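Written out below as structure tokens is the structure these notes cover.
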Amino acid sequence: GRVVSEVCLFLLGFAVLLLAFATAAASAKAQVYGFETVPRSLATLVEVFMGTTHYEIVESMDASPVLRLVVIAFFISSSVYLLNLLIAQLASAYSATFADMIGYARLKRGAKVVEAMELTKRARWDSFVLSLHFDMPMRFCEGVV
């Protein structure tokens, strides 16, 4: 539940970033192969992100320094920033899941203690409580507290 929502947030952020950079690349006024329209720019940027870009596209980006800058900025922001964000989100989700798991383990352990107390005889329990000397005041020194 938690991990799926975090991955969906990552995918949403990636889609927004992809759409923004694809729009910027398509409107760069450079008629470069792979970036003629917004849908074609989307496909090309996904190829860049996955590392499956065709050589012709890389070669054609030399014609437009603005387009090259847009693609480099997209690659850095998607591969560095978004993937680090995904890692942080997943680590946070797992730590919350781990905290819940610890809580459930404590509840289970408490149920075992209650179960064991039901099996203890009343006289044995009373003698145990008396051996603890709860009725005697306890002196605390400066270093104890």
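The chains in the structure tokens are called A, B, ... from first to last as shown; in each chain the residues are counted from 1, and the ligands are counted from 1 in the order shown.
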(request) Please provide the set of residues having any atom within 12 Å of Leu85 (chain A), restricted to only C-alpha atoms, with same-chain residues fewer than 2 positions apart removed, written as a VMD selection string. (result) chain A and resid 6 to 7 9 to 11 13 to 14 77 to 83 87 to 92
Where does region 66-103 of chain A meet region 46-55 of chain A within 10 Å, residue by residue, with the nearest atom pair and distance in Å to one decimal for each, counting only C-alpha atoms, listed by chain and rising number, as a Markdown table?
```
| residue | atom | partner | partner_atom | distance |
| --- | --- | --- | --- | --- |
| A:Val71 | CA | A:Val48 | CA | 8.1 |
| A:Ile72 | CA | A:Val48 | CA | 9.5 |
| A:Phe74 | CA | A:Phe49 | CA | 8.4 |
| A:Phe75 | CA | A:Phe49 | CA | 6.3 |
| A:Ile76 | CA | A:Phe49 | CA | 9.4 |
| A:Ser78 | CA | A:Phe49 | CA | 7.4 |
| A:Ser79 | CA | A:Phe49 | CA | 7.2 |
```
(message) Ranking A:Val70, A:Ala22, A:Val3, A:Met61 by minimum distance to Ala96 (chain A) and counting only C-alpha atoms, which one comes first?
(response) A:Val3
(request) Can you work out the spacing between CA of Leu19 (chain A) and CA of Pro65 (chain A) in Å, to one decimal? (result) 20.1 Å
(request) Between CA of Ser27 (chain A) and CA of Ala15 (chain A), measure the distance and give it in Å to one decimal. (result)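 CA of Ala15 (chain A) lies at a distance of 18.0 Å from CA of Ser27 (chain A).
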(request) Could you jot down the CA of Gln31 (chain A) to CA of Val16 (chain A) separation for me, Å, one decimal place? (result)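 Calculated distance between CA of Gln31 (chain A) and CA of Val16 (chain A) is 23.4 Å.
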(message) I need the residues in chain A that are alpha helix (DSSP H) according to DSSP; give them as JSON, numbers by chain.
(response) {"A": [2, 3, 4, 5, 6, 7, 8, 9, 10, 11, 12, 13, 14, 15, 16, 17, 18, 19, 20, 21, 22, 23, 24, 25, 26, 38, 39, 40, 41, 42, 43, 44, 45, 46, 47, 48, 49, 50, 55, 56, 57, 58, 59, 60, 65, 66, 67, 68, 69, 70, 71, 72, 73, 74, 75, 76, 83, 84, 85, 86, 87, 88, 89, 90, 91, 92, 93, 94, 95, 96, 97, 98, 99, 100, 101, 102, 103, 104, 105, 106, 107, 108, 109, 110, 111, 112, 113, 114, 115, 116, 117, 118, 119, 122, 123, 124, 125, 126, 127, 128, 129, 130, 131]}
